[in-house]
$ cat structure26.pdb   # PDB, C-alpha atoms
ATOM      1  CA  VAL G   1       7.926  27.900 -10.698
ATOM      2  CA  PRO G   2       5.873  26.763 -13.671
ATOM      3  CA  PRO G   3       4.898  23.089 -13.718
ATOM      4  CA  VAL G   4       7.181  20.930 -15.809
ATOM      5  CA  GLN G   5       5.892  19.014 -18.799
ATOM      6  CA  VAL G   6       6.321  15.377 -17.860
ATOM      7  CA  SER G   7       7.315  13.064 -20.687
ATOM      8  CA  PRO G   8       4.509  10.751 -21.868
ATOM      9  CA  LEU G   9       6.650   7.683 -21.204
ATOM     10  CA  ILE G  10       6.891   8.536 -17.529
ATOM     11  CA  LYS G  11       3.200   9.332 -17.319
ATOM     12  CA  THR G  12       2.113   6.059 -18.898
ATOM     13  CA  ALA G  13       4.628   4.157 -16.777
ATOM     14  CA  ARG G  14       3.310   5.729 -13.559
ATOM     15  CA  TRP G  15      -0.347   5.136 -14.234
ATOM     16  CA  SER G  16       0.164   1.635 -15.596
ATOM     17  CA  ALA G  17       2.249   0.801 -12.517
ATOM     18  CA  LEU G  18      -0.636   2.073 -10.388
ATOM     19  CA  LEU G  19      -3.178  -0.049 -12.257
ATOM     20  CA  VAL G  20      -0.978  -3.143 -12.155
ATOM     21  CA  GLY G  21      -0.474  -2.597  -8.435
ATOM     22  CA  ILE G  22      -4.196  -2.331  -7.763
ATOM     23  CA  ILE G  23      -4.934  -5.488  -9.738
ATOM     24  CA  TYR G  24      -2.062  -7.350  -8.070
ATOM     25  CA  GLY G  25      -3.176  -6.288  -4.586
ATOM     26  CA  LYS G  26      -6.753  -7.321  -5.198
ATOM     27  CA  ARG G  27      -5.822 -10.701  -6.666
ATOM     28  CA  ARG G  28      -3.333 -11.511  -3.937
ATOM     29  CA  TYR G  29      -5.886 -10.594  -1.267
ATOM     30  CA  ASP G  30      -8.493 -12.832  -2.869
ATOM     31  CA  HIS G  31      -5.906 -15.601  -3.015
ATOM     32  CA  LEU G  32      -4.804 -15.278   0.610
ATOM     33  CA  LYS G  33      -8.218 -14.879   2.219
ATOM     34  CA  PRO G  34      -9.473 -18.493   1.960
ATOM     35  CA  ILE G  35      -6.074 -19.798   3.003
ATOM     36  CA  ALA G  36      -6.200 -17.750   6.173
ATOM     37  CA  GLU G  37      -9.733 -18.907   6.935
ATOM     38  CA  GLU G  38      -8.687 -22.515   6.452
ATOM     39  CA  GLU G  39      -5.764 -22.021   8.817
ATOM     40  CA  ARG G  40      -8.004 -20.434  11.421
ATOM     41  CA  ARG G  41     -10.447 -23.318  11.215
ATOM     42  CA  ILE G  42      -7.680 -25.898  11.607
ATOM     43  CA  GLU G  43      -6.255 -23.926  14.519
ATOM     44  CA  GLU G  44      -9.661 -23.965  16.257
ATOM     45  CA  GLU G  45     -10.034 -27.721  15.887
ATOM     46  CA  GLU G  46      -6.530 -28.440  17.073
ATOM     47  CA  LYS G  47      -7.062 -26.123  20.001
ATOM     48  CA  LYS G  48     -10.157 -28.065  21.047
ATOM     49  CA  VAL G  49      -8.299 -31.366  20.852
ATOM     50  CA  ARG G  50      -5.381 -29.917  22.786
ATOM     51  CA  GLU G  51      -7.603 -28.550  25.537
ATOM     52  CA  GLU G  52      -9.353 -31.899  25.867
ATOM     53  CA  LYS G  53      -6.002 -33.595  26.301
ATOM     54  CA  GLU G  54      -4.873 -31.036  28.837
ATOM     55  CA  ARG G  55      -8.063 -31.463  30.832
ATOM     56  CA  ILE G  56      -7.653 -35.227  30.947
ATOM     57  CA  ALA G  57      -3.976 -34.901  31.850
ATOM     58  CA  LYS G  58      -4.829 -32.530  34.684
ATOM     59  CA  LEU G  59      -7.434 -34.876  36.117
ATOM     60  CA  GLU G  60      -5.033 -37.785  35.965
ATOM     61  CA  ALA G  61      -2.293 -35.758  37.627
ATOM     62  CA  GLU G  62      -4.622 -34.760  40.416
ATOM     63  CA  ALA G  63      -5.741 -38.330  40.944
ATOM     64  CA  ASN G  64      -2.225 -39.679  41.003
ATOM     65  CA  GLU G  65      -0.429 -37.262  43.251
ATOM     66  CA  ASP G  66       0.954 -38.840  46.424
ATOM     67  CA  THR G  67       0.495 -36.304  49.102
ATOM     68  CA  ILE G  68      -1.260 -36.459  52.410
ATOM     69  CA  LEU G  69      -1.693 -32.687  52.462
ATOM     70  CA  LYS G  70      -5.185 -32.660  50.906
TER      71      LYS G  70
ATOM     72  CA  MET R   1     -15.434  16.274  32.826
ATOM     73  CA  ALA R   2     -18.703  16.913  30.992
ATOM     74  CA  GLN R   3     -17.921  20.637  30.859
ATOM     75  CA  ALA R   4     -14.515  19.965  29.327
ATOM     76  CA  VAL R   5     -16.107  17.787  26.656
ATOM     77  CA  GLN R   6     -18.705  20.466  25.945
ATOM     78  CA  LYS R   7     -16.039  23.115  25.567
ATOM     79  CA  LEU R   8     -14.113  20.880  23.213
ATOM     80  CA  VAL R   9     -17.193  20.167  21.105
ATOM     81  CA  ALA R  10     -17.915  23.899  20.916
ATOM     82  CA  LYS R  11     -14.387  24.498  19.631
ATOM     83  CA  VAL R  12     -14.622  21.965  16.800
ATOM     84  CA  PRO R  13     -16.156  24.356  14.198
ATOM     85  CA  THR R  14     -13.361  26.873  14.760
ATOM     86  CA  LEU R  15     -10.785  24.115  14.466
ATOM     87  CA  VAL R  16     -12.318  22.856  11.236
ATOM     88  CA  GLY R  17     -12.441  26.413   9.880
ATOM     89  CA  ALA R  18      -8.815  26.966  10.793
ATOM     90  CA  ALA R  19      -7.790  23.708   9.120
ATOM     91  CA  VAL R  20      -9.666  24.639   5.927
ATOM     92  CA  ASN R  21      -8.085  28.081   5.861
ATOM     93  CA  TYR R  22      -4.656  26.575   6.334
ATOM     94  CA  SER R  23      -5.004  23.965   3.651
ATOM     95  CA  LYS R  24      -6.701  26.079   0.944
ATOM     96  CA  PRO R  25      -3.590  27.772  -0.483
ATOM     97  CA  ARG R  26      -1.581  24.586  -0.195
ATOM     98  CA  LEU R  27      -4.320  22.651  -1.941
ATOM     99  CA  ALA R  28      -4.346  25.343  -4.629
ATOM    100  CA  THR R  29      -0.615  24.934  -5.280
ATOM    101  CA  PHE R  30      -1.048  21.190  -5.289
ATOM    102  CA  TRP R  31      -3.762  21.371  -7.936
ATOM    103  CA  TYR R  32      -1.730  23.907  -9.888
ATOM    104  CA  TYR R  33       1.062  21.408 -10.285
ATOM    105  CA  ALA R  34      -0.965  18.217 -10.323
ATOM    106  CA  ARG R  35      -3.200  19.309 -13.184
ATOM    107  CA  VAL R  36      -0.172  19.446 -15.477
ATOM    108  CA  GLU R  37       2.178  16.858 -14.021
ATOM    109  CA  LEU R  38       0.076  14.078 -12.561
ATOM    110  CA  VAL R  39      -2.705  13.711 -15.115
ATOM    111  CA  PRO R  40      -3.013  10.332 -16.797
ATOM    112  CA  PRO R  41      -1.722  10.221 -20.373
ATOM    113  CA  THR R  42      -4.260  11.096 -23.040
ATOM    114  CA  PRO R  43      -4.731   8.418 -25.722
ATOM    115  CA  ALA R  44      -2.694  10.588 -28.067
ATOM    116  CA  GLU R  45       0.333  10.306 -25.842
ATOM    117  CA  ILE R  46       0.456   6.529 -25.636
ATOM    118  CA  PRO R  47       2.195   6.075 -29.032
ATOM    119  CA  LYS R  48       4.777   8.588 -27.887
ATOM    120  CA  ALA R  49       5.339   6.492 -24.782
ATOM    121  CA  ILE R  50       5.773   3.361 -26.902
ATOM    122  CA  SER R  51       8.281   5.159 -29.136
ATOM    123  CA  GLY R  52      10.059   6.305 -25.988
ATOM    124  CA  VAL R  53      10.456   2.697 -24.895
ATOM    125  CA  GLN R  54      11.786   1.796 -28.340
ATOM    126  CA  ASP R  55      14.279   4.666 -28.119
ATOM    127  CA  LEU R  56      15.464   3.321 -24.813
ATOM    128  CA  LEU R  57      15.906  -0.163 -26.229
ATOM    129  CA  LYS R  58      17.807   1.143 -29.249
ATOM    130  CA  GLY R  59      19.995   3.237 -27.026
ATOM    131  CA  PHE R  60      20.720   0.213 -24.917
ATOM    132  CA  GLN R  61      21.609  -1.906 -27.935
ATOM    133  CA  SER R  62      23.818   0.709 -29.536
ATOM    134  CA  GLY R  63      25.734   1.240 -26.326
ATOM    135  CA  ARG R  64      24.752   4.873 -26.165
ATOM    136  CA  LEU R  65      23.479   4.374 -22.644
ATOM    137  CA  GLY R  66      27.035   3.826 -21.501
ATOM    138  CA  GLN R  67      27.687   7.484 -22.301
ATOM    139  CA  THR R  68      25.302   8.883 -19.718
ATOM    140  CA  THR R  69      26.926  10.889 -17.010
ATOM    141  CA  VAL R  70      26.700   9.707 -13.416
ATOM    142  CA  ARG R  71      24.503  12.688 -12.672
ATOM    143  CA  ASP R  72      22.043  11.764 -15.389
ATOM    144  CA  ALA R  73      22.153   8.132 -14.366
ATOM    145  CA  LEU R  74      21.296   9.037 -10.787
ATOM    146  CA  ARG R  75      18.460  11.267 -11.919
ATOM    147  CA  ASN R  76      17.025   8.553 -14.143
ATOM    148  CA  GLY R  77      17.395   6.083 -11.311
ATOM    149  CA  LEU R  78      15.370   8.303  -9.032
ATOM    150  CA  VAL R  79      12.645   8.696 -11.639
ATOM    151  CA  ALA R  80      12.544   4.922 -12.168
ATOM    152  CA  THR R  81      12.297   4.372  -8.423
ATOM    153  CA  GLU R  82       9.392   6.770  -8.231
ATOM    154  CA  VAL R  83       7.593   4.940 -11.023
ATOM    155  CA  LEU R  84       8.123   1.637  -9.206
ATOM    156  CA  MET R  85       6.759   3.087  -5.965
ATOM    157  CA  TRP R  86       3.431   3.740  -7.655
ATOM    158  CA  PHE R  87       3.082  -0.030  -7.948
ATOM    159  CA  TYR R  88       3.170  -0.339  -4.170
ATOM    160  CA  ILE R  89       0.662   2.474  -3.817
ATOM    161  CA  GLY R  90      -1.612   0.555  -6.164
ATOM    162  CA  GLU R  91      -1.095  -2.582  -4.113
ATOM    163  CA  ILE R  92      -2.145  -0.734  -0.964
ATOM    164  CA  ILE R  93      -5.311   0.408  -2.725
ATOM    165  CA  GLY R  94      -6.007  -3.073  -4.053
ATOM    166  CA  LYS R  95      -5.600  -4.927  -0.808
ATOM    167  CA  GLY R  96      -7.670  -2.402   1.111
ATOM    168  CA  GLY R  97      -5.317  -1.736   4.008
ATOM    169  CA  LEU R  98      -2.228   0.225   4.752
ATOM    170  CA  ILE R  99       0.199  -2.312   6.158
ATOM    171  CA  GLY R 100      -0.793  -5.963   5.874
ATOM    172  CA  TYR R 101      -3.309  -8.111   4.124
ATOM    173  CA  ASP R 102      -6.415  -8.100   6.268
ATOM    174  CA  VAL R 103      -7.280 -11.777   6.063
TER     175      VAL R 103
END
$ encode --input "structure26.pdb" --output "structure tokens"
Amino acid sequence: VPPVQVSPLIKTARWSALLVGIIYGKRRYDHLKPIAEEERRIEEEEKKVREEKERIAKLEAEANEDTILK
Amino acid sequence: MAQAVQKLVAKVPTLVGAAVNYSKPRLATFWYYARVELVPPTPAEIPKAISGVQDLLKGFQSGRLGQTTVRDALRNGLVATEVLMWFYIGEIIGKGGLIGYDV
């Protein structure tokens, strides 16, 4: 089967869609990367605060429990 | 265990050779078609593409597009979908990963 002659409109549309896609992907990635790093940093800090609180709550619970079975 | 690994490593050249032999004719047919169908448009063809878009617009305004058969409409729809899919392929290349954004 001989290869078909593709119309120039379709060819330009394909390759320009490819280029636009590459540019869009790169720009969106560059836009999302700092946001994700910011979220990770905030998550780390909140995790530290949460673990502190849990530690204190655990110590208090251990000190306050009313059992003679120690 | 070590012997099995050694046997496997010794088989790798034959496997690679077999893979190359298998893919050569298929690669040849691929290039045969791709060199005519998938090449980017030469600068001479870009005005033709622009005039093609203008033809489409004029056809839309004159109502001629309402005359297309369902068969032709489906075929054009498939071609348009394929053109749109290239955008997603480009996005995959741009974001440097297959599925998600690797942030």
$ closest_residue --input "structure26.pdb" --among "R:Ala49, R:Val39, R:Ala73, R:Met85" --to "chain G" --atoms "only C-alpha atoms"
R:Ala49
$ atom_distance --input "structure26.pdb" --atom1 "CA of Asp30 in chain G" --atom2 "CA of Ser16 in chain G"
21.1 Å
$ resolve_selection --input "structure26.pdb" --expression "the ChimeraX specification (/R :<6) & /G" --output "VMD selection string"
chain G and resid 3 6 8 to 9 11 to 12 14 17 to 18 21 to 22 25 to 26 29 33
$ atom_distance --input "structure26.pdb" --atom1 "CA of Glu52 in chain G" --atom2 "CA of Leu69 in chain G"
27.7 Å
$ atom_distance --input "structure26.pdb" --atom1 "CA of Ile68 in chain G" --atom2 "CA of Glu54 in chain G"
24.5 Å
$ decode --input "structure26.pdb" --residues "range 12-29 of chain G" --atoms "N, CA and C atoms" --output "PDB file, in the first residue's frame"
ATOM      1  N   THR G  12       0.345  20.510   9.578  1.00  0.00           N
ATOM      2  CA  THR G  12       0.654  21.645  10.444  1.00  0.00           C
ATOM      3  C   THR G  12      -0.113  21.538  11.749  1.00  0.00           C
ATOM      4  N   ALA G  13      -1.373  21.079  11.675  1.00  0.00           N
ATOM      5  CA  ALA G  13      -2.160  20.981  12.909  1.00  0.00           C
ATOM      6  C   ALA G  13      -1.517  19.997  13.866  1.00  0.00           C
ATOM      7  N   ARG G  14      -1.065  18.838  13.366  1.00  0.00           N
ATOM      8  CA  ARG G  14      -0.446  17.840  14.233  1.00  0.00           C
ATOM      9  C   ARG G  14       0.791  18.373  14.919  1.00  0.00           C
ATOM     10  N   TRP G  15       1.704  18.938  14.099  1.00  0.00           N
ATOM     11  CA  TRP G  15       2.973  19.353  14.690  1.00  0.00           C
ATOM     12  C   TRP G  15       2.799  20.573  15.573  1.00  0.00           C
ATOM     13  N   SER G  16       1.862  21.466  15.231  1.00  0.00           N
ATOM     14  CA  SER G  16       1.669  22.608  16.129  1.00  0.00           C
ATOM     15  C   SER G  16       0.993  22.164  17.414  1.00  0.00           C
ATOM     16  N   ALA G  17       0.112  21.136  17.333  1.00  0.00           N
ATOM     17  CA  ALA G  17      -0.466  20.609  18.572  1.00  0.00           C
ATOM     18  C   ALA G  17       0.615  20.001  19.441  1.00  0.00           C
ATOM     19  N   LEU G  18       1.573  19.305  18.799  1.00  0.00           N
ATOM     20  CA  LEU G  18       2.683  18.720  19.566  1.00  0.00           C
ATOM     21  C   LEU G  18       3.491  19.797  20.265  1.00  0.00           C
ATOM     22  N   LEU G  19       3.842  20.857  19.519  1.00  0.00           N
ATOM     23  CA  LEU G  19       4.646  21.930  20.108  1.00  0.00           C
ATOM     24  C   LEU G  19       3.898  22.607  21.252  1.00  0.00           C
ATOM     25  N   VAL G  20       2.604  22.912  21.001  1.00  0.00           N
ATOM     26  CA  VAL G  20       1.823  23.572  22.047  1.00  0.00           C
ATOM     27  C   VAL G  20       1.752  22.686  23.284  1.00  0.00           C
ATOM     28  N   GLY G  21       1.605  21.371  23.058  1.00  0.00           N
ATOM     29  CA  GLY G  21       1.550  20.453  24.187  1.00  0.00           C
ATOM     30  C   GLY G  21       2.838  20.450  24.983  1.00  0.00           C
ATOM     31  N   ILE G  22       3.976  20.446  24.282  1.00  0.00           N
ATOM     32  CA  ILE G  22       5.255  20.431  24.989  1.00  0.00           C
ATOM     33  C   ILE G  22       5.402  21.693  25.822  1.00  0.00           C
ATOM     34  N   ILE G  23       5.078  22.846  25.207  1.00  0.00           N
ATOM     35  CA  ILE G  23       5.229  24.107  25.934  1.00  0.00           C
ATOM     36  C   ILE G  23       4.287  24.133  27.135  1.00  0.00           C
ATOM     37  N   TYR G  24       3.033  23.674  26.916  1.00  0.00           N
ATOM     38  CA  TYR G  24       2.064  23.679  28.005  1.00  0.00           C
ATOM     39  C   TYR G  24       2.519  22.788  29.152  1.00  0.00           C
ATOM     40  N   GLY G  25       3.032  21.572  28.798  1.00  0.00           N
ATOM     41  CA  GLY G  25       3.475  20.657  29.843  1.00  0.00           C
ATOM     42  C   GLY G  25       4.616  21.246  30.646  1.00  0.00           C
ATOM     43  N   LYS G  26       5.575  21.868  29.938  1.00  0.00           N
ATOM     44  CA  LYS G  26       6.720  22.408  30.642  1.00  0.00           C
ATOM     45  C   LYS G  26       6.306  23.540  31.554  1.00  0.00           C
ATOM     46  N   ARG G  27       5.405  24.438  31.039  1.00  0.00           N
ATOM     47  CA  ARG G  27       5.031  25.587  31.864  1.00  0.00           C
ATOM     48  C   ARG G  27       4.197  25.169  33.066  1.00  0.00           C
ATOM     49  N   ARG G  28       3.321  24.177  32.870  1.00  0.00           N
ATOM     50  CA  ARG G  28       2.498  23.752  33.989  1.00  0.00           C
ATOM     51  C   ARG G  28       3.362  23.083  35.057  1.00  0.00           C
ATOM     52  N   TYR G  29       4.348  22.310  34.610  1.00  0.00           N
ATOM     53  CA  TYR G  29       5.259  21.659  35.563  1.00  0.00           C
ATOM     54  C   TYR G  29       6.018  22.695  36.365  1.00  0.00           C
TER      55      TYR G  29
END
